[in-house]
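Asks: The structure follows.
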Amino acid sequence: MLWRWGDPAKCGEAQARGGFVRHARIVLNGMMDRIGVLTSGGDGPGMNAALRAVVRSASSRGIEVLGYRNGYQGLVDGDRLELDDRAVGGRIQRGGTFIGTSRCPAFLEREGRARAARQLEDDGVEGLIVIGGDGSFRGALALMEEHGTLVCGVPGTIDNDVWGTDETIGFDTALNTAVEAIDKIRDTSEATGTTFFVEVMGRGSGALAMYTALAAGAAGVLVPEEHEEISALVARLKRSFAEGKRSHIIVVAEGDEAGGAFGVAEQVGKAVGCPYRVTILGHIQRGGNPTARDRIIAALMGDGAVRALAEGRTGQMLGMRSGRLVEAPLVEVVANAHAGPRLDVLHLAQMLAG
Ligand code: ADP
Ligand code: F6P
């Protein structure tokens, strides 16, 4: 296999800027010396485990790794650090991402991406692994299309809204955090007869809300992907109160069109005439120690991404399908970004709500 990264003619220019020119060269037979990695968009528990997997998988193949701080911002600004086996030690159990993340407006612009590409060239980075959601993958694709950068995506977001994978890194932890919180809220709901409207994260995606509702045994769930008439929810709650049920938890996705938990609570609580409270779970869902599942998929995907680049595949995303590691072209991943989650989970949660 033969492919070409960058333009060897630019080596002199890169050297003049003090870059790692020995790496700015034609890459033969999948032999890579150095790759880059960054975490981008909203952080999710398990991103550190993914970084650990990337670094150690690369080092086992004799490949060096540069980490770019704060997502694409680090690429644009040249803010990077060398990551070796020790740099990623003791981090597997930590939430967040120790190299930082951001939403980077500069990278939305061609000029920002051109600066990033020059930086990679100067640094002698021959392939880039992007850990993030579908926005981050759009950025990676743009870099690949405009500058020929070899890229690979690892899905990391608590939203679990990335096409081509059943699971994203961080989702399982966020789901467990939300369910644990609702179990606690249910205690006070049962004790006091108060109805709780609990808002979970997901501006554009109801996946976290519907799985949370299913696992927490919620009495109702509202998500952006499918509209439930407020009047139908009101009628169900009235019937439930009439049957003697005291405790009701309604899960509302942040992006629900009725205005999030406050908006829904105001309409439903008043119409039902019951005591009610609103709880916004917010960013506690983004933090905390990753679950074993998130660490495991992070290890599989991180290693898979390094292998893909080392074997000469670019523009791929690593994902999990039916429990197995798979690759999906990033072009398809972003093209299907709005395919939406599995509504059968939503319908099951609604049916079991009684
Ligand atoms: P996520 O990756 O979690 O979906 P965002 O949608 O906020 O998060 O995207 C993260 C970052 O990826 C953005 O701040 C921006 O720097 C970059 N990005 C997003 N969309 C694009 C795009 N169409 N072109 C270039 N870069 C993009
Ligand atoms: O994409 C992850 C996520 O946590 C969404 O669930 C949420 O809507 C959004 O990020 C919040 O982003 P921010 O912390 O930038 O407000």
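Labels for the structure tokens follow display order: chains A, B, ..., residues from 1 in each chain, ligands from 1.
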Using only C-alpha atoms, which protein or nucleic acid residues come within 8 Å of stretch 40-54 of chain A? Drop anything in the same chain fewer than 5 positions from it, and give the result as a VMD selection string.
Replies: chain A and resid 70 to 72 85 88 to 89 91 to 98 101 to 103 130 to 133 135 to 136 156 to 158 169 to 171 173 to 174 286 to 291 294 to 295 298 to 303 305 to 306
Asks: What's around stretch 142-150 of chain A at 8 Å? Count only C-alpha atoms, leave out sequence neighbours fewer than 4 positions away in its own chain, and write the answer as a PyMOL selection string.
Replies: chain A and resi 5-6+113-114+117+126-128+138+309+313-315
Asks: Which neighbours of A:Leu330 fall inside 8 Å, counting only C-alpha atoms, when residues of the same chain fewer than 5 positions from it are skipped, and could you give them as a list of chain:residue names?
Replies: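 Residues meeting the cut-off are A:Phe137, A:Leu141, A:Gly153, A:Gly315, A:Gln316, A:Met317.
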Asks: Work out how far atom CA of A:Leu208 is from atom CA of A:Cys152, in Å to one decimal.
Replies: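 Spanning atom CA of A:Cys152 to atom CA of A:Leu208 is a straight-line distance of 25.2 Å.
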Asks: Which neighbours of A:Ala178 fall inside 9 Å, counting only C-alpha atoms, when residues of the same chain fewer than 6 positions from it are skipped, and could you give them as a short mmCIF file (atom, residue, chain, number, x, y, z; two decimals) with N, CA and C atoms, in the first residue's frame?
Replies:
```cif
data_model
loop_
_atom_site.label_atom_id
_atom_site.label_comp_id
_atom_site.auth_asym_id
_atom_site.auth_seq_id
_atom_site.Cartn_x
_atom_site.Cartn_y
_atom_site.Cartn_z
N VAL A 200 -32.87 15.44 31.53
CA VAL A 200 -31.55 14.86 31.25
C VAL A 200 -30.96 15.54 30.02
N LEU A 208 -30.38 9.54 25.49
CA LEU A 208 -30.13 9.42 26.93
C LEU A 208 -31.45 9.42 27.70
N ALA A 209 -32.39 10.27 27.27
CA ALA A 209 -33.69 10.36 27.96
C ALA A 209 -34.47 9.05 27.85
N THR A 212 -32.82 6.26 29.84
CA THR A 212 -32.96 6.57 31.26
C THR A 212 -34.37 6.24 31.73
N ALA A 216 -35.14 3.57 34.53
CA ALA A 216 -35.60 4.12 35.83
C ALA A 216 -37.07 3.84 36.07
N LEU A 281 -30.71 17.57 35.81
CA LEU A 281 -29.50 16.81 36.18
C LEU A 281 -28.23 17.47 35.66
N ILE A 284 -23.71 17.01 35.83
CA ILE A 284 -23.24 15.84 36.60
C ILE A 284 -23.25 14.60 35.70
N GLN A 285 -24.07 14.65 34.64
CA GLN A 285 -24.11 13.51 33.72
C GLN A 285 -22.84 13.40 32.87
#
```
Asks: With distances taken over only C-alpha atoms and all ligand atoms, which of A:Gly304, A:Gly282, A:Gly36, A:Gly139 is nearest to ligand 1?
Replies: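 Distance minimum relative to ligand 1 lands on A:Gly139.
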Asks: Distance atom CA of A:Val264-atom CA of A:Pro224, one decimal place?
Replies: 12.7 Å
Asks: To one decimal place, how far is atom CA of A:Thr195 from atom CA of A:Ile230 in Å?
Replies: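 So the answer is 15.3 Å.
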Asks: Can you work out which one of A:Arg246, A:Arg56, A:Arg203, A:Arg61 has the shortest atom-to-atom distance to ligand 1, counting only C-alpha atoms and all ligand atoms?
Replies: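 Of A:Arg246, A:Arg56, A:Arg203, A:Arg61, the one nearest ligand 1 is A:Arg203, counting only C-alpha atoms and all ligand atoms.
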Asks: Write out as a ChimeraX atom specification the residues lying within 9 Å of A:Leu214, counting only C-alpha atoms and excluding same-chain residues fewer than 2 positions away.
Replies: /A:209-212,216-218,221,345-346,348-350,352-353
Asks: Mind dumping the selected residues with C-alpha atoms as an mmCIF file, in the first residue's frame?
Replies:
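Everything below was put into result.cif:
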```cif
data_model
loop_
_atom_site.group_PDB
_atom_site.id
_atom_site.type_symbol
_atom_site.label_atom_id
_atom_site.label_comp_id
_atom_site.auth_asym_id
_atom_site.auth_seq_id
_atom_site.Cartn_x
_atom_site.Cartn_y
_atom_site.Cartn_z
ATOM 1 C CA ALA A 209 -33.691 10.363 27.955
ATOM 2 C CA MET A 210 -35.361 7.290 26.514
ATOM 3 C CA TYR A 211 -32.856 4.771 27.905
ATOM 4 C CA THR A 212 -32.957 6.569 31.265
ATOM 5 C CA ALA A 216 -35.595 4.120 35.825
ATOM 6 C CA GLY A 217 -39.187 2.994 35.259
ATOM 7 C CA ALA A 218 -40.372 6.507 34.500
ATOM 8 C CA VAL A 221 -40.675 10.487 28.664
ATOM 9 C CA VAL A 345 -36.708 1.961 23.056
ATOM 10 C CA LEU A 346 -38.887 5.052 23.450
ATOM 11 C CA LEU A 348 -41.120 0.346 25.110
ATOM 12 C CA ALA A 349 -40.409 2.874 27.875
ATOM 13 C CA GLN A 350 -43.798 4.492 27.195
ATOM 14 C CA LEU A 352 -44.078 -0.047 30.358
ATOM 15 C CA ALA A 353 -44.829 3.285 32.022
#
```
Asks: Please provide the set of residues having any atom within 9 Å of A:Ile185, restricted to only C-alpha atoms, with same-chain residues fewer than 4 positions apart removed, written as a PDB file with N, CA, C and O atoms, in the first residue's frame.
Replies:
```
ATOM      1  N   GLU A 180     -29.259   6.513  38.587  1.00  0.00           N
ATOM      2  CA  GLU A 180     -28.983   6.544  40.034  1.00  0.00           C
ATOM      3  C   GLU A 180     -29.644   7.775  40.669  1.00  0.00           C
ATOM      4  O   GLU A 180     -30.230   7.706  41.747  1.00  0.00           O
ATOM      5  N   ALA A 181     -29.554   8.906  39.983  1.00  0.00           N
ATOM      6  CA  ALA A 181     -30.164  10.139  40.502  1.00  0.00           C
ATOM      7  C   ALA A 181     -31.682   9.976  40.587  1.00  0.00           C
ATOM      8  O   ALA A 181     -32.311  10.378  41.575  1.00  0.00           O
ATOM      9  N   SER A 189     -40.222  11.242  45.936  1.00  0.00           N
ATOM     10  CA  SER A 189     -41.483  11.315  45.193  1.00  0.00           C
ATOM     11  C   SER A 189     -42.530  10.411  45.838  1.00  0.00           C
ATOM     12  O   SER A 189     -43.680  10.805  46.051  1.00  0.00           O
ATOM     13  N   GLU A 190     -42.101   9.205  46.205  1.00  0.00           N
ATOM     14  CA  GLU A 190     -43.036   8.260  46.836  1.00  0.00           C
ATOM     15  C   GLU A 190     -43.441   8.733  48.222  1.00  0.00           C
ATOM     16  O   GLU A 190     -44.588   8.605  48.630  1.00  0.00           O
ATOM     17  N   PHE A 196     -42.221  14.455  39.795  1.00  0.00           N
ATOM     18  CA  PHE A 196     -40.943  15.083  39.413  1.00  0.00           C
ATOM     19  C   PHE A 196     -40.759  15.078  37.905  1.00  0.00           C
ATOM     20  O   PHE A 196     -40.955  14.045  37.249  1.00  0.00           O
ATOM     21  N   VAL A 198     -37.837  15.411  35.465  1.00  0.00           N
ATOM     22  CA  VAL A 198     -36.374  15.344  35.535  1.00  0.00           C
ATOM     23  C   VAL A 198     -35.800  15.554  34.141  1.00  0.00           C
ATOM     24  O   VAL A 198     -36.106  14.789  33.206  1.00  0.00           O
ATOM     25  N   ILE A 249     -42.446   9.930  37.911  1.00  0.00           N
ATOM     26  CA  ILE A 249     -41.234  10.575  37.394  1.00  0.00           C
ATOM     27  C   ILE A 249     -41.418  10.728  35.883  1.00  0.00           C
ATOM     28  O   ILE A 249     -41.663   9.752  35.173  1.00  0.00           O
ATOM     29  N   THR A 279     -36.253  18.884  38.410  1.00  0.00           N
ATOM     30  CA  THR A 279     -34.826  18.652  38.687  1.00  0.00           C
ATOM     31  C   THR A 279     -34.079  18.610  37.358  1.00  0.00           C
ATOM     32  O   THR A 279     -34.434  17.836  36.465  1.00  0.00           O
TER      33      THR A 279
END
```
Asks: For each of A:Ala207, A:Ser59, A:Asp134, A:Leu83, take the minimum atom-to-atom distance to A:Asp166, counting only C-alpha atoms, then give the residue where this is smallest.
Replies: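 That would be A:Ala207, the residue with the smallest distance to A:Asp166.
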Asks: Give the answer as one residue: which of A:Pro275, A:Gly206, A:Gly124, A:Gly112 has the shortest atom-to-atom distance to A:Leu66, using only C-alpha atoms?
Replies: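 Ranking A:Pro275, A:Gly206, A:Gly124, A:Gly112 by distance to A:Leu66, first place goes to A:Gly124.
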